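Working notes for the structure below.
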Amino acid sequence: MKYFLNEEQEMIKELAAKIADEKIKPVALEYDEKGIFPTGIVKVLADSDLCGVYIEEQYGGLGGGIFEMSLVVEELSRACGGISLAFAGTGLGTFPIILFGNHEQKQKYLPDIACGKKLAAFGLTEANAGSDAAGIQTTAVSDGDEYVLNGTKQWITNGGEADIYTVIACTNRAKGARGFSAFIVEKDTPGFSFGKKEDKMGIRASVTRELIFEDCRIPKRNLLSREGMGFMVAMKTLDRTRPGVASQALGIAQGAFEEALKYSRERVQFGHAISSFQAIQHMLADMATQIEAARCLIYQTCKHIDSGVKSISQESAMSKVFASDVAMKVTTDAVQILGGYGYMKEYPVEKMMRDAKITQIYEGTNQIQRNVIALELIKALKKK
Ligand code: COS
């Protein structure tokens, strides 16, 4: 399918694909097994100028948007859905600054992210605040020209590896959704530490840790937007980054499909390549169709977001739900096509199936996405 990417987008996609094939594919299984964080791959991305594709030129980036970020995530995830997260998780941690940071904050933090010197992370989730994002217990108490943070964030992608954290904390519980605020916290701030590295089912080359705040003092200049805007910062960020998760899912699905197609041409049973059997052909046809449908939805959503329109919750949620469900189905079918070999860790599709699962869960479960879509549908009907 032709997607009418502009010259720069074509270049970004090709460059990311080359890095995926040449640098990521050869190490993906080893990094997964040993849980190795891809510091070297981040350096390759940085040397290729890809780390800042979604950051304004003024702050050292290439001046693209969600679309450019998603193209990179898709291609990297085709080779490894875990390794791609060092980049994608940084995007999630950076977008609150891009969307809500003032000039000083952008000038201080974005150039180091754009050149790949520093990674970022987003701290919203807590033990009792997952789908119910407003259940956050971490507090930020104003004290002179500082805020004092106390609490623990859970399952934070890039936790411990990132230098820059955007964190949502409660500043006034009585105010409900208006009682949260967003902050930038630097890694070496006293009172800020990390929990153990989580042992995960998939995306094992990505690091996931707790962020622990114990009387952690941060300057008031690190407040993003205004006090009370933290919930909106989180929601508006997630509206824009969910297509990134969708792209991760799309890349994983594409990677699994390519493995299954290749295998079906090589594997001979009953005297014929299994690709000659209609049962396999129909599975491959469905996989390819679902992948292309996901790609259409994601690309269109990204273009819509980058055009600057405000109400993008619905299509953002749709692309995340659809692509992640496709990834789960396609990777499961890829394992099926490879049969016994597909179930073995020696072949890549077993890992892809494990990696796909998280895309149905994080940045808002698919159940939450369906709630968001349904609410938007009903809201639109009421307006008529
Ligand atoms: N954009 C802007 N504002 C939004 C918004 C959005 N997408 N979604 C909600 N809001 C606003 C509402 O308009 C409301 O504002 P007012 O108080 O001015 O009316 C406020 O935020 C509270 O909204 P709501 O009552 O809908 O909040 P809920 O607590 O019911 O939660 C969901 C809404 C479920 C959508 C939210 O909790 C959510 O997204 N959960 C998933 C979180 C998530 O993705 N977690 C994964 C971890 S992050 S990696």
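By convention in this document, the chains of the structure tokens carry letters A, B, ... by their order, each chain's residues are numbered from 1, and ligands are numbered from 1 in the order they are shown.
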Proximity of segment 148-205 of chain A to segment 228-235 of chain A: per-residue shortest pair, 10 Å limit, only C-alpha atoms, as CSV:
```
residue,atom,partner,partner_atom,distance
A:Thr166,CA,A:Ala234,CA,9.5
A:Val167,CA,A:Gly230,CA,8.7
A:Ile168,CA,A:Gly230,CA,5.9
A:Ala169,CA,A:Gly230,CA,7.4
A:Cys170,CA,A:Gly230,CA,8.2
A:Thr171,CA,A:Gly228,CA,7.1
A:Asn172,CA,A:Gly228,CA,7.7
A:Lys175,CA,A:Gly228,CA,8.1
A:Gly176,CA,A:Gly228,CA,9.3
A:Ala177,CA,A:Phe231,CA,6.0
A:Arg178,CA,A:Gly228,CA,4.6
A:Gly179,CA,A:Gly228,CA,4.9
A:Phe180,CA,A:Gly230,CA,4.6
A:Ser181,CA,A:Gly230,CA,3.6
A:Ala182,CA,A:Gly230,CA,4.4
A:Phe183,CA,A:Gly230,CA,8.2
```
Which residues are near ligand 1 - at most 7 Å, using only C-alpha atoms and all ligand atoms? Format: as a PDB file with C-alpha atoms, in the first residue's frame.
```pdb
ATOM      1  CA  PHE A 122       6.718   9.023  32.410  1.00  0.00           C
ATOM      2  CA  LEU A 124       1.797   8.107  36.367  1.00  0.00           C
ATOM      3  CA  THR A 125       1.001   4.512  37.371  1.00  0.00           C
ATOM      4  CA  GLY A 130      -3.642   1.904  37.002  1.00  0.00           C
ATOM      5  CA  SER A 131      -6.829   2.188  34.963  1.00  0.00           C
ATOM      6  CA  ASP A 132      -8.111   4.546  37.659  1.00  0.00           C
ATOM      7  CA  ALA A 133      -5.478   7.190  37.003  1.00  0.00           C
ATOM      8  CA  ALA A 134      -7.084   9.574  39.514  1.00  0.00           C
ATOM      9  CA  ALA A 177      -9.174  15.603  38.919  1.00  0.00           C
ATOM     10  CA  ARG A 178      -8.042  19.239  39.368  1.00  0.00           C
ATOM     11  CA  PHE A 231      -4.469  15.045  35.232  1.00  0.00           C
ATOM     12  CA  MET A 232      -5.019  16.976  31.990  1.00  0.00           C
ATOM     13  CA  MET A 235      -4.631  12.600  29.601  1.00  0.00           C
ATOM     14  CA  LYS A 236      -3.543  14.877  26.758  1.00  0.00           C
ATOM     15  CA  LEU A 238      -1.658   9.737  26.498  1.00  0.00           C
ATOM     16  CA  ASP A 239      -4.052  10.853  23.757  1.00  0.00           C
ATOM     17  CA  SER A 313      -9.071  10.799  22.146  1.00  0.00           C
ATOM     18  CA  TYR A 362      -0.145  -0.522  29.081  1.00  0.00           C
ATOM     19  CA  GLU A 363      -0.842   3.164  28.377  1.00  0.00           C
ATOM     20  CA  GLY A 364      -4.425   2.292  29.271  1.00  0.00           C
ATOM     21  CA  THR A 365      -5.838  -1.229  28.972  1.00  0.00           C
ATOM     22  CA  ILE A 368     -10.256   1.544  29.148  1.00  0.00           C
ATOM     23  CA  VAL A 372     -12.995   6.166  25.973  1.00  0.00           C
TER      24      VAL A 372
END
```
Rank nothing, just name the residue among A:Gln360, A:Thr39, A:Asn102, A:Gln269 nearest to Arg221 of chain A, using only C-alpha atoms. A:Asn102
Write out as a list of chain:residue names which residues come within 7 Å of Pro38 of chain A when counting only C-alpha atoms, dropping same-chain ones fewer than 3 positions away.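 Listed by chain and then number, they are A:Ile41, A:Val42, A:Ile83, A:Ala205.
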Mind checking which residues fall within 9 Å of segment 337-348 of chain A, counting only C-alpha atoms, ignoring those fewer than 6 positions away in the same chain, and posting them as a list of chain:residue names? A:Ala28, A:Leu29, A:Ala256, A:Glu259, A:Ala260, A:Leu261, A:Tyr263, A:Ser264, A:Arg267, A:Ile274, A:Ile280, A:Met283, A:Leu284
Could you take the residues named above and write them with N, CA, C and O atoms, as a compact mmCIF listing (two decimals), in the first residue's frame?
```txt
# COMPACT_ATOMS: atom_id res chain seq x y z
N ALA A 28 18.32 -9.37 19.19
CA ALA A 28 16.99 -9.33 19.85
C ALA A 28 16.78 -10.51 20.80
O ALA A 28 16.34 -10.32 21.95
N LEU A 29 17.10 -11.72 20.35
CA LEU A 29 16.82 -12.89 21.20
C LEU A 29 17.71 -12.89 22.44
O LEU A 29 17.26 -13.20 23.55
N ALA A 256 6.32 -10.58 12.98
CA ALA A 256 5.85 -11.96 13.12
C ALA A 256 5.31 -12.47 11.79
O ALA A 256 5.54 -13.63 11.41
N GLU A 259 8.15 -13.42 9.48
CA GLU A 259 8.75 -14.71 9.86
C GLU A 259 7.86 -15.86 9.42
O GLU A 259 8.35 -16.88 8.91
N ALA A 260 6.56 -15.71 9.60
CA ALA A 260 5.62 -16.79 9.25
C ALA A 260 5.58 -17.02 7.74
O ALA A 260 5.57 -18.18 7.27
N LEU A 261 5.59 -15.93 6.99
CA LEU A 261 5.56 -16.04 5.53
C LEU A 261 6.82 -16.75 5.03
O LEU A 261 6.74 -17.68 4.21
N TYR A 263 8.83 -18.72 6.68
CA TYR A 263 8.85 -20.12 7.12
C TYR A 263 7.92 -20.98 6.26
O TYR A 263 8.25 -22.11 5.91
N SER A 264 6.77 -20.41 5.90
CA SER A 264 5.79 -21.20 5.14
C SER A 264 6.32 -21.57 3.75
O SER A 264 5.89 -22.55 3.16
N ARG A 267 9.21 -24.54 4.82
CA ARG A 267 8.79 -25.76 5.51
C ARG A 267 8.05 -26.70 4.55
O ARG A 267 7.03 -26.30 3.96
N ILE A 274 4.53 -25.64 2.93
CA ILE A 274 3.21 -25.48 3.58
C ILE A 274 2.48 -24.23 3.07
O ILE A 274 1.27 -24.10 3.22
N ILE A 280 -3.02 -22.56 5.39
CA ILE A 280 -1.94 -21.63 5.72
C ILE A 280 -2.14 -20.32 4.93
O ILE A 280 -1.96 -19.21 5.48
N MET A 283 -4.63 -18.07 6.55
CA MET A 283 -4.08 -17.43 7.76
C MET A 283 -3.18 -16.26 7.37
O MET A 283 -3.28 -15.16 7.93
N LEU A 284 -2.31 -16.49 6.39
CA LEU A 284 -1.40 -15.42 5.95
C LEU A 284 -2.18 -14.23 5.38
O LEU A 284 -1.84 -13.07 5.64
```
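Put simply, atom CA of Ala249 of chain A is 5.3 Å away from atom CA of Ala327 of chain A.
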Have a look at A:Arg217, A:Lys303, A:Arg78, A:Lys351 and name the one nearest to Ala253 of chain A; count only C-alpha atoms.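 Counting only C-alpha atoms, the residue closest to Ala253 of chain A is A:Arg78.
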Measure the distance from atom CA of Ser206 of chain A to atom CA of Glu33 of chain A in Å and round it to one decimal. 11.6 Å
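The coordinates place atom CA of Glu214 of chain A at 11.0 Å from atom CA of Phe194 of chain A.
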Can you pull out every residue from segment 224-354 of chain A that DSSP, working from the backbone, puts in strand (DSSP E), and format the result as a VMD selection string? chain A and resid 224 268 to 269 272 to 273
Distance query Thr241 of chain A at most 12 Å, only C-alpha atoms, self and fewer than 2 positions along chain excluded, as JSON, numbers by chain: {"A": [54, 65, 66, 67, 68, 69, 70, 73, 88, 89, 90, 91, 92, 93, 94, 95, 96, 98, 99, 122, 234, 235, 236, 237, 238, 239, 243, 244, 245, 246, 247, 248, 298, 301, 302, 305, 306, 312, 313, 315, 316, 317, 319, 320, 362, 363, 364]}
When distances are computed from only C-alpha atoms, which of A:Phe277, A:Phe213, A:Phe87, A:Phe100 shows the smallest separation from Val148 of chain A?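 For Val148 of chain A, the nearest of the given residues is A:Phe213.
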Nearby residues (only C-alpha atoms) at most 9 Å from Asp49 of chain A, same-chain spacing under 2 positions excluded, as a VMD selection string: chain A and resid 44 to 47 51 to 53 61 to 62 114 to 116
Please produce an output containing C-alpha atoms for each residue in the selection, written as an mmCIF file, in the first residue's frame.
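This went into again-v4.cif:
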```cif
data_model
loop_
_atom_site.group_PDB
_atom_site.id
_atom_site.type_symbol
_atom_site.label_atom_id
_atom_site.label_comp_id
_atom_site.auth_asym_id
_atom_site.auth_seq_id
_atom_site.Cartn_x
_atom_site.Cartn_y
_atom_site.Cartn_z
ATOM 1 C CA VAL A 44 23.156 4.134 17.055
ATOM 2 C CA LEU A 45 19.773 5.926 17.000
ATOM 3 C CA ALA A 46 21.442 9.065 18.350
ATOM 4 C CA ASP A 47 24.242 8.929 15.749
ATOM 5 C CA CYS A 51 16.229 10.381 18.830
ATOM 6 C CA GLY A 52 14.771 13.823 18.189
ATOM 7 C CA VAL A 53 12.485 13.190 15.219
ATOM 8 C CA GLY A 61 15.117 17.938 16.991
ATOM 9 C CA LEU A 62 14.072 17.242 13.421
ATOM 10 C CA ALA A 114 16.920 15.131 20.953
ATOM 11 C CA CYS A 115 20.588 14.226 20.621
ATOM 12 C CA GLY A 116 20.146 10.940 22.503
#
```
